[in-house]
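Participant: One structure follows; several queries about it will come next.
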Amino acid sequence: MSETPLHLVPVRSRQAKEFVRTWHRHHPPPAGQVFAVGAADERGILRAVAVVDRPVARHLDDGATLEVTRTASDGTRNANSLFYGASWRAAKAFGYRRLITFTQEGESGASLRGAGWRLIARRPPPAEGRMAHPLPAPDRPRQRPRRPLPVASPWSDVGRQPDQQLTAPPAPISQHRPSGSE
């Protein structure tokens with residue numbers, strides 16, 4: 001693809017999922033999202049999307065962290081770098097203190113480095129025989145063929161040093177009700 005000037009555009013959940021379904025190399029669309037953002041060219045053609053959600057790993061879901069769970073592009077250059085910077089600015093504006101993502105073995109992370117992100121760990125390959133999906137059970141039928149787990153390397157945004165501990169997540173916000181309502 002050529003050097004197409006891109007600008008950020010809002011993208012609805014259904015549109016982002018359809019774009020991921022069409023263009024992502026190896027994953028289906030994520031189940032949920034907190035927000036999605038798109039990149040369009042000067043003619044308004046959607047060229048790429050990023051989906052941001054709560055962290056997939058439960059131990060990272062501390063109430064102050066989001067994860068870029070998918071990015072997908074039609075091959076337009078620099079779209080992912082644009083997303084990683086924009087996603088962090090949006091997450092920060094929503095009050096989150098950390099944004100993470102993961103790259104698989106063989107992915108260089110150039111877009112992440114271009115947006116100022118840092119690799120925070122290198123992971124060894126998973127143990128021999130460890131699979132990405134649990135064995136089926138009567139209440140959990142197999143949906144996809146089992147496949148070996150990929151090596152995933154975590155990255156962190158520029159908002160916080162990776163060795164800093166997060167304080168406890170903020171207390172839940174109670175729902176405001178107008179006076180006189182029950």
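Residues in the structure tokens are named by chain (A, B, ... in the order shown) and by number from 1 within that chain; ligands are numbered from 1 in the order shown.
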Where in segment 28-73 of chain A does DSSP assign strand (DSSP E), given as a list in words?
Facilitator: Phe35, Ala36, Val37, Gly38, Ala39, Ala40, Leu46, Arg47, Ala48, Val49, Ala50, Val51, Val52, Asp53, Thr65, Leu66, Glu67, Val68, Thr69, Arg70, Thr71, Ala72 and Ser73 of chain A
Participant: Kindly export the residues of the current selection with all heavy atoms, as a compact mmCIF listing (two decimals), in the first residue's frame.
Facilitator:
```
# COMPACT_ATOMS: atom_id res chain seq x y z
N PHE A 35 -13.89 0.41 23.83
CA PHE A 35 -14.04 1.33 22.70
C PHE A 35 -13.24 0.81 21.51
O PHE A 35 -12.39 -0.06 21.66
CB PHE A 35 -13.61 2.77 23.05
CG PHE A 35 -12.15 2.96 23.36
CD1 PHE A 35 -11.22 3.24 22.36
CD2 PHE A 35 -11.69 2.89 24.67
CE1 PHE A 35 -9.89 3.44 22.64
CE2 PHE A 35 -10.35 3.08 24.96
CZ PHE A 35 -9.45 3.36 23.96
N ALA A 36 -13.57 1.32 20.34
CA ALA A 36 -12.83 1.01 19.12
C ALA A 36 -12.56 2.31 18.39
O ALA A 36 -13.30 3.29 18.55
CB ALA A 36 -13.64 0.06 18.23
N VAL A 37 -11.50 2.33 17.62
CA VAL A 37 -11.15 3.51 16.84
C VAL A 37 -10.75 3.03 15.45
O VAL A 37 -10.23 1.93 15.29
CB VAL A 37 -10.04 4.32 17.54
CG1 VAL A 37 -8.76 3.54 17.66
CG2 VAL A 37 -9.80 5.65 16.84
N GLY A 38 -11.02 3.84 14.45
CA GLY A 38 -10.68 3.50 13.09
C GLY A 38 -9.73 4.52 12.49
O GLY A 38 -9.56 5.62 13.01
N ALA A 39 -9.12 4.13 11.38
CA ALA A 39 -8.29 5.04 10.60
C ALA A 39 -8.83 5.03 9.18
O ALA A 39 -9.01 3.96 8.58
CB ALA A 39 -6.83 4.61 10.61
N ALA A 40 -9.13 6.20 8.66
CA ALA A 40 -9.66 6.32 7.31
C ALA A 40 -8.70 7.17 6.48
O ALA A 40 -7.96 8.00 7.00
CB ALA A 40 -11.04 6.97 7.34
N LEU A 46 -12.38 3.31 5.33
CA LEU A 46 -11.81 2.72 6.54
C LEU A 46 -10.68 1.78 6.15
O LEU A 46 -10.86 0.86 5.36
CB LEU A 46 -12.90 1.96 7.31
CG LEU A 46 -12.50 1.44 8.69
CD1 LEU A 46 -12.16 2.59 9.63
CD2 LEU A 46 -13.63 0.59 9.26
N ARG A 47 -9.49 2.04 6.69
CA ARG A 47 -8.30 1.27 6.35
C ARG A 47 -7.81 0.38 7.48
O ARG A 47 -7.07 -0.57 7.25
CB ARG A 47 -7.16 2.21 5.94
CG ARG A 47 -7.44 3.02 4.71
CD ARG A 47 -7.56 2.11 3.53
NE ARG A 47 -7.75 2.85 2.30
CZ ARG A 47 -7.82 2.27 1.13
NH1 ARG A 47 -7.74 0.98 1.02
NH2 ARG A 47 -8.00 3.00 0.06
N ALA A 48 -8.22 0.69 8.72
CA ALA A 48 -7.73 -0.09 9.86
C ALA A 48 -8.61 0.20 11.07
O ALA A 48 -9.27 1.24 11.13
CB ALA A 48 -6.28 0.26 10.16
N VAL A 49 -8.61 -0.74 12.02
CA VAL A 49 -9.33 -0.55 13.28
C VAL A 49 -8.50 -1.08 14.43
O VAL A 49 -7.64 -1.94 14.25
CB VAL A 49 -10.71 -1.25 13.31
CG1 VAL A 49 -11.63 -0.72 12.24
CG2 VAL A 49 -10.58 -2.76 13.21
N ALA A 50 -8.76 -0.55 15.61
CA ALA A 50 -8.18 -1.06 16.85
C ALA A 50 -9.32 -1.23 17.84
O ALA A 50 -10.23 -0.39 17.90
CB ALA A 50 -7.14 -0.10 17.42
N VAL A 51 -9.29 -2.33 18.60
CA VAL A 51 -10.30 -2.62 19.60
C VAL A 51 -9.62 -2.65 20.96
O VAL A 51 -8.60 -3.34 21.14
CB VAL A 51 -10.99 -3.98 19.32
CG1 VAL A 51 -12.00 -4.31 20.40
CG2 VAL A 51 -11.65 -3.96 17.94
N VAL A 52 -10.17 -1.92 21.91
CA VAL A 52 -9.62 -1.83 23.27
C VAL A 52 -10.67 -2.35 24.24
O VAL A 52 -11.84 -1.97 24.15
CB VAL A 52 -9.22 -0.37 23.61
CG1 VAL A 52 -8.68 -0.28 25.02
CG2 VAL A 52 -8.20 0.15 22.60
N ASP A 53 -10.24 -3.21 25.15
CA ASP A 53 -11.18 -3.85 26.08
C ASP A 53 -10.48 -4.03 27.42
O ASP A 53 -9.30 -3.69 27.59
CB ASP A 53 -11.60 -5.21 25.52
CG ASP A 53 -12.86 -5.77 26.16
OD1 ASP A 53 -13.49 -5.07 26.97
OD2 ASP A 53 -13.22 -6.92 25.85
N THR A 65 -6.57 -0.74 34.19
CA THR A 65 -5.82 -1.19 33.01
C THR A 65 -6.77 -1.59 31.89
O THR A 65 -7.79 -2.22 32.15
CB THR A 65 -4.93 -2.39 33.38
OG1 THR A 65 -4.05 -2.02 34.44
CG2 THR A 65 -4.12 -2.88 32.19
N LEU A 66 -6.43 -1.21 30.68
CA LEU A 66 -7.12 -1.69 29.48
C LEU A 66 -6.10 -2.41 28.60
O LEU A 66 -4.89 -2.24 28.77
CB LEU A 66 -7.75 -0.54 28.70
CG LEU A 66 -8.98 0.12 29.30
CD1 LEU A 66 -9.45 1.28 28.43
CD2 LEU A 66 -10.10 -0.88 29.50
N GLU A 67 -6.61 -3.18 27.63
CA GLU A 67 -5.74 -3.90 26.70
C GLU A 67 -6.20 -3.65 25.27
O GLU A 67 -7.39 -3.72 24.98
CB GLU A 67 -5.81 -5.40 27.00
CG GLU A 67 -4.97 -6.24 26.05
CD GLU A 67 -5.02 -7.72 26.39
OE1 GLU A 67 -5.44 -8.09 27.49
OE2 GLU A 67 -4.63 -8.52 25.51
N VAL A 68 -5.25 -3.35 24.39
CA VAL A 68 -5.55 -3.32 22.95
C VAL A 68 -5.63 -4.79 22.55
O VAL A 68 -4.61 -5.47 22.49
CB VAL A 68 -4.47 -2.57 22.15
CG1 VAL A 68 -4.80 -2.59 20.66
CG2 VAL A 68 -4.32 -1.14 22.65
N THR A 69 -6.85 -5.29 22.33
CA THR A 69 -7.02 -6.71 22.08
C THR A 69 -6.89 -7.07 20.60
O THR A 69 -6.57 -8.21 20.28
CB THR A 69 -8.38 -7.21 22.61
OG1 THR A 69 -9.42 -6.42 22.05
CG2 THR A 69 -8.42 -7.15 24.12
N ARG A 70 -7.18 -6.16 19.71
CA ARG A 70 -7.02 -6.41 18.28
C ARG A 70 -6.69 -5.12 17.55
O ARG A 70 -7.24 -4.07 17.87
CB ARG A 70 -8.29 -6.94 17.61
CG ARG A 70 -8.81 -8.25 18.05
CD ARG A 70 -8.00 -9.44 17.54
NE ARG A 70 -8.69 -10.66 17.89
CZ ARG A 70 -8.72 -11.18 19.11
NH1 ARG A 70 -8.09 -10.58 20.09
NH2 ARG A 70 -9.38 -12.29 19.35
N THR A 71 -5.83 -5.25 16.56
CA THR A 71 -5.70 -4.24 15.52
C THR A 71 -5.77 -5.00 14.21
O THR A 71 -5.32 -6.14 14.12
CB THR A 71 -4.38 -3.44 15.59
OG1 THR A 71 -3.29 -4.34 15.40
CG2 THR A 71 -4.24 -2.71 16.91
N ALA A 72 -6.37 -4.39 13.23
CA ALA A 72 -6.44 -5.02 11.90
C ALA A 72 -6.33 -3.91 10.87
O ALA A 72 -6.88 -2.82 11.05
CB ALA A 72 -7.75 -5.77 11.74
N SER A 73 -5.62 -4.21 9.80
CA SER A 73 -5.38 -3.22 8.76
C SER A 73 -5.42 -3.89 7.39
O SER A 73 -5.12 -5.07 7.26
CB SER A 73 -4.00 -2.59 8.99
OG SER A 73 -3.58 -1.86 7.87
```
Participant: DSSP on the backbone, then: every residue of segment 74-130 of chain A marked helix (DSSP H, G or I), written as a list in words.
Facilitator: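 DSSP on the backbone gives helix (DSSP H, G or I) at Ala79, Asn80, Ser81, Leu82, Phe83, Tyr84, Gly85, Ala86, Ser87, Trp88, Arg89, Ala90, Ala91, Lys92, Ala93, Ala110, Ser111, Leu112, Arg113 and Gly114 of chain A.
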Participant: Return the single residue from A:Gly63, A:Gly116, A:Pro30, A:Pro55 that is closest to Asp157 of chain A, with distances computed using only C-alpha atoms.
Facilitator: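 Nearest to Asp157 of chain A: A:Gly116.
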